[in-house]
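Undergrad: What follows is query_23.pdb, PDB, C-alpha atoms.
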```
ATOM      1  CA  MET A   1      91.204   6.348  -5.144
ATOM      2  CA  THR A   2      88.408   6.643  -2.596
ATOM      3  CA  ALA A   3      87.956   9.511  -0.175
ATOM      4  CA  ALA A   4      89.194   7.295   2.692
ATOM      5  CA  GLN A   5      92.488   6.682   0.891
ATOM      6  CA  GLN A   6      93.649  10.203   0.039
ATOM      7  CA  PRO A   7      97.425  10.556   0.106
ATOM      8  CA  THR A   8      98.838  12.683   2.899
ATOM      9  CA  SER A   9     101.768  15.067   2.702
ATOM     10  CA  THR A  10     104.104  12.212   3.656
ATOM     11  CA  GLY A  11     102.903  10.086   0.751
ATOM     12  CA  ARG A  12     101.027   7.624   2.921
ATOM     13  CA  THR A  13      97.337   7.014   2.481
ATOM     14  CA  THR A  14      94.859   7.628   5.256
ATOM     15  CA  GLY A  15      92.217   5.106   6.212
ATOM     16  CA  SER A  16      91.973   1.976   8.245
ATOM     17  CA  ASN A  17      94.958  -0.221   8.953
ATOM     18  CA  GLY A  18      93.633  -3.781   8.813
ATOM     19  CA  THR A  19      96.778  -5.243  10.301
ATOM     20  CA  ALA A  20      96.547  -2.919  13.312
ATOM     21  CA  VAL A  21      92.882  -3.797  13.812
ATOM     22  CA  GLY A  22      93.717  -7.514  13.588
ATOM     23  CA  GLY A  23      96.492  -7.076  16.137
ATOM     24  CA  PHE A  24      94.136  -5.233  18.470
ATOM     25  CA  VAL A  25      91.382  -7.852  18.213
ATOM     26  CA  THR A  26      93.693 -10.819  18.740
ATOM     27  CA  GLY A  27      95.507  -8.965  21.521
ATOM     28  CA  LEU A  28      92.193  -8.165  23.222
ATOM     29  CA  LEU A  29      90.976 -11.761  23.037
ATOM     30  CA  SER A  30      94.288 -13.145  24.285
ATOM     31  CA  PRO A  31      94.015 -12.339  28.028
ATOM     32  CA  LEU A  32      90.279 -13.019  28.055
ATOM     33  CA  LEU A  33      90.488 -16.456  26.501
ATOM     34  CA  GLY A  34      93.870 -17.163  28.108
ATOM     35  CA  LEU A  35      92.167 -17.424  31.483
ATOM     36  CA  VAL A  36      89.996 -20.281  30.197
ATOM     37  CA  VAL A  37      92.221 -21.969  27.586
ATOM     38  CA  PRO A  38      95.877 -21.003  28.120
ATOM     39  CA  ILE A  39      97.122 -22.426  24.802
ATOM     40  CA  LEU A  40      94.606 -20.254  22.969
ATOM     41  CA  GLY A  41      95.796 -17.252  24.982
ATOM     42  CA  VAL A  42      99.391 -17.914  23.935
ATOM     43  CA  VAL A  43      98.505 -18.280  20.258
ATOM     44  CA  LEU A  44      96.345 -15.146  20.231
ATOM     45  CA  GLY A  45      98.962 -13.248  22.248
ATOM     46  CA  VAL A  46     101.684 -14.051  19.741
ATOM     47  CA  LEU A  47      99.367 -13.067  16.882
ATOM     48  CA  GLY A  48      98.521  -9.805  18.652
ATOM     49  CA  VAL A  49     102.193  -8.929  19.081
ATOM     50  CA  VAL A  50     103.129  -9.851  15.505
ATOM     51  CA  LEU A  51     100.166  -8.149  13.824
ATOM     52  CA  GLY A  52     100.474  -5.118  16.092
ATOM     53  CA  SER A  53     104.152  -4.764  15.231
ATOM     54  CA  LYS A  54     103.400  -4.968  11.517
ATOM     55  CA  GLY A  55     100.569  -2.468  11.936
ATOM     56  CA  ARG A  56     102.902  -0.011  13.674
ATOM     57  CA  LYS A  57     105.318  -0.203  10.744
ATOM     58  CA  GLN A  58     102.499   0.607   8.290
ATOM     59  CA  GLY A  59     101.981   3.787  10.243
ATOM     60  CA  SER A  60      98.455   5.040   9.590
ATOM     61  CA  SER A  61      96.743   3.844  12.791
ATOM     62  CA  THR A  62      99.419   3.237  15.388
ATOM     63  CA  GLY A  63      97.109   3.519  18.422
ATOM     64  CA  LEU A  64      95.313   0.253  17.732
ATOM     65  CA  ALA A  65      98.576  -1.409  16.759
ATOM     66  CA  THR A  66     100.247  -0.366  20.024
ATOM     67  CA  ALA A  67      97.234  -1.568  21.995
ATOM     68  CA  GLY A  68      97.441  -4.902  20.165
ATOM     69  CA  VAL A  69     101.086  -5.328  21.122
ATOM     70  CA  VAL A  70     100.468  -4.405  24.769
ATOM     71  CA  LEU A  71      97.378  -6.614  25.093
ATOM     72  CA  GLY A  72      99.183  -9.466  23.334
ATOM     73  CA  VAL A  73     102.028  -9.298  25.851
ATOM     74  CA  ILE A  74      99.530  -9.171  28.733
ATOM     75  CA  GLY A  75      97.750 -12.192  27.270
ATOM     76  CA  LEU A  76     101.031 -14.088  27.025
ATOM     77  CA  VAL A  77     101.904 -13.286  30.651
ATOM     78  CA  VAL A  78      98.432 -14.304  31.875
ATOM     79  CA  SER A  79      98.474 -17.573  29.923
ATOM     80  CA  ILE A  80     101.964 -18.514  31.083
ATOM     81  CA  ALA A  81     101.039 -17.655  34.683
ATOM     82  CA  ILE A  82      97.999 -19.946  34.439
ATOM     83  CA  TRP A  83     100.206 -22.750  33.102
ATOM     84  CA  VAL A  84     102.800 -22.294  35.864
ATOM     85  CA  THR A  85     100.094 -22.202  38.525
ATOM     86  CA  ALA A  86      98.407 -25.327  37.143
ATOM     87  CA  ALA A  87     101.750 -27.152  37.001
ATOM     88  CA  ALA A  88     102.511 -26.224  40.609
ATOM     89  CA  VAL A  89      99.072 -27.398  41.772
ATOM     90  CA  PHE A  90      99.316 -30.696  39.917
ATOM     91  CA  ALA A  91     102.901 -31.285  41.045
ATOM     92  CA  GLY A  92     101.884 -30.782  44.656
ATOM     93  CA  ASN A  93      99.240 -33.519  44.508
TER      94      ASN A  93
END
```
Go ahead and render the structure in this file as structure tokens.
TA:
Amino acid sequence: MTAAQQPTSTGRTTGSNGTAVGGFVTGLLSPLLGLVVPILGVVLGVLGVVLGSKGRKQGSSTGLATAGVVLGVIGLVVSIAIWVTAAAVFAGN
């Protein structure tokens, strides 16, 4: 066992939580890319929420996991708003 994976008093190991980091990265990219390509924002938003939720259940690094969930939801809202706005503009023409 490496120094980064020492068991804590609760029996869990300390160290990085790859699922939480993945949720954070996909959640962060979701609103940014959702402004340009809404379908990509939706996909990344869903991934951010799912990976962030799994990362929160693993427990070692819940801050990044929570941020991934929040950013994923924001990305979903932004992407859906872009789609609704585009549909309204095209329907008006």
Undergrad: Which polymer residues have any atom within 7 Å of an atom of range 73-87 of chain A, counting all atoms listed in the file, with same-chain residues fewer than 2 positions away left out, as a list in words?
TA: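 Counting only the stated atoms, we get Gly27, Ser30, Pro31, Gly34, Leu35, Pro38, Gly41, Val42, Gly45, Val49, Val69, Val70, Leu71, Val89, Phe90 and Ala91 of chain A.
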Undergrad: Anything within 7 Å of (95.4, -2.5, 18.5): list those residues as a short mmCIF file (atom, residue, chain, number, x, y, z; two decimals) with C-alpha atoms, in the coordinates of the input, counting only C-alpha atoms and sticking to the file's coordinates.
TA:
```
data_model
loop_
_atom_site.label_atom_id
_atom_site.label_comp_id
_atom_site.auth_asym_id
_atom_site.auth_seq_id
_atom_site.Cartn_x
_atom_site.Cartn_y
_atom_site.Cartn_z
CA ALA A 20 96.55 -2.92 13.31
CA VAL A 21 92.88 -3.80 13.81
CA GLY A 23 96.49 -7.08 16.14
CA PHE A 24 94.14 -5.23 18.47
CA VAL A 25 91.38 -7.85 18.21
CA GLY A 52 100.47 -5.12 16.09
CA GLY A 63 97.11 3.52 18.42
CA LEU A 64 95.31 0.25 17.73
CA ALA A 65 98.58 -1.41 16.76
CA THR A 66 100.25 -0.37 20.02
CA ALA A 67 97.23 -1.57 22.00
CA GLY A 68 97.44 -4.90 20.16
CA VAL A 69 101.09 -5.33 21.12
#
```
Undergrad: With all atoms listed in the file as the atoms that count, which of A:Gly92, A:Gly59, A:Gly72, A:Gly18 lies nearest to Leu44 in chain A?
TA: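 Nearest candidate to Leu44 in chain A out of A:Gly92, A:Gly59, A:Gly72, A:Gly18: A:Gly72.
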Undergrad: Edge lengths and centre, in Å to one decimal, as lines of an AutoDock Vina configuration file: that's what I need for the box along x, y and z that holds all listed atoms of range 41-51 of chain A plus 3 Å on each side.
TA:
```
center_x = 99.5
center_y = -13.2
center_z = 19.4
size_x = 13.3
size_y = 16.1
size_z = 17.2
```
Undergrad: Have a look at A:Thr26, A:Leu40, A:Thr19, A:Ala88 and name the one nearest to Gln58 in chain A; count all atoms listed in the file.
TA: A:Thr19
Undergrad: What's the separation between CA of Gly48 in chain A and CA of Gly22 in chain A, in Å to one decimal place?
TA: 7.3 Å
Undergrad: Report, in Å to a single decimal, how far apart CA of Leu29 in chain A and CA of Val46 in chain A are.
TA: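 Computed distance, CA of Val46 in chain A to CA of Leu29 in chain A, equals 11.4 Å.
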Undergrad: Could you add the missing atoms to range 66-82 of chain A, up to N, CA and C atoms, and return them as a PDB file, keeping the file's coordinate frame?
TA:
```
ATOM      1  N   THR A  66      99.561  -0.367  18.728  1.00  0.00           N
ATOM      2  CA  THR A  66     100.247  -0.366  20.024  1.00  0.00           C
ATOM      3  C   THR A  66      99.416  -1.096  21.070  1.00  0.00           C
ATOM      4  N   ALA A  67      98.118  -0.865  21.059  1.00  0.00           N
ATOM      5  CA  ALA A  67      97.234  -1.568  21.995  1.00  0.00           C
ATOM      6  C   ALA A  67      97.268  -3.066  21.740  1.00  0.00           C
ATOM      7  N   GLY A  68      97.343  -3.480  20.489  1.00  0.00           N
ATOM      8  CA  GLY A  68      97.441  -4.902  20.165  1.00  0.00           C
ATOM      9  C   GLY A  68      98.704  -5.534  20.708  1.00  0.00           C
ATOM     10  N   VAL A  69      99.816  -4.816  20.591  1.00  0.00           N
ATOM     11  CA  VAL A  69     101.086  -5.328  21.122  1.00  0.00           C
ATOM     12  C   VAL A  69     101.018  -5.451  22.641  1.00  0.00           C
ATOM     13  N   VAL A  70     100.536  -4.401  23.306  1.00  0.00           N
ATOM     14  CA  VAL A  70     100.468  -4.405  24.769  1.00  0.00           C
ATOM     15  C   VAL A  70      99.518  -5.499  25.267  1.00  0.00           C
ATOM     16  N   LEU A  71      98.338  -5.588  24.669  1.00  0.00           N
ATOM     17  CA  LEU A  71      97.378  -6.614  25.093  1.00  0.00           C
ATOM     18  C   LEU A  71      97.881  -8.020  24.775  1.00  0.00           C
ATOM     19  N   GLY A  72      98.602  -8.166  23.661  1.00  0.00           N
ATOM     20  CA  GLY A  72      99.183  -9.466  23.334  1.00  0.00           C
ATOM     21  C   GLY A  72     100.205  -9.914  24.366  1.00  0.00           C
ATOM     22  N   VAL A  73     101.039  -8.984  24.815  1.00  0.00           N
ATOM     23  CA  VAL A  73     102.028  -9.298  25.851  1.00  0.00           C
ATOM     24  C   VAL A  73     101.322  -9.640  27.168  1.00  0.00           C
ATOM     25  N   ILE A  74     100.292  -8.877  27.510  1.00  0.00           N
ATOM     26  CA  ILE A  74      99.530  -9.171  28.733  1.00  0.00           C
ATOM     27  C   ILE A  74      98.894 -10.550  28.633  1.00  0.00           C
ATOM     28  N   GLY A  75      98.341 -10.871  27.466  1.00  0.00           N
ATOM     29  CA  GLY A  75      97.750 -12.192  27.270  1.00  0.00           C
ATOM     30  C   GLY A  75      98.769 -13.309  27.406  1.00  0.00           C
ATOM     31  N   LEU A  76      99.970 -13.092  26.883  1.00  0.00           N
ATOM     32  CA  LEU A  76     101.031 -14.088  27.025  1.00  0.00           C
ATOM     33  C   LEU A  76     101.399 -14.285  28.493  1.00  0.00           C
ATOM     34  N   VAL A  77     101.546 -13.202  29.228  1.00  0.00           N
ATOM     35  CA  VAL A  77     101.904 -13.286  30.651  1.00  0.00           C
ATOM     36  C   VAL A  77     100.809 -14.010  31.437  1.00  0.00           C
ATOM     37  N   VAL A  78      99.548 -13.656  31.172  1.00  0.00           N
ATOM     38  CA  VAL A  78      98.432 -14.304  31.875  1.00  0.00           C
ATOM     39  C   VAL A  78      98.399 -15.801  31.570  1.00  0.00           C
ATOM     40  N   SER A  79      98.541 -16.163  30.313  1.00  0.00           N
ATOM     41  CA  SER A  79      98.474 -17.573  29.923  1.00  0.00           C
ATOM     42  C   SER A  79      99.619 -18.376  30.526  1.00  0.00           C
ATOM     43  N   ILE A  80     100.812 -17.813  30.508  1.00  0.00           N
ATOM     44  CA  ILE A  80     101.964 -18.514  31.083  1.00  0.00           C
ATOM     45  C   ILE A  80     101.806 -18.631  32.596  1.00  0.00           C
ATOM     46  N   ALA A  81     101.271 -17.590  33.236  1.00  0.00           N
ATOM     47  CA  ALA A  81     101.039 -17.655  34.683  1.00  0.00           C
ATOM     48  C   ALA A  81     100.018 -18.743  35.025  1.00  0.00           C
ATOM     49  N   ILE A  82      98.991 -18.893  34.216  1.00  0.00           N
ATOM     50  CA  ILE A  82      97.999 -19.946  34.439  1.00  0.00           C
ATOM     51  C   ILE A  82      98.655 -21.315  34.306  1.00  0.00           C
TER      52      ILE A  82
END
```
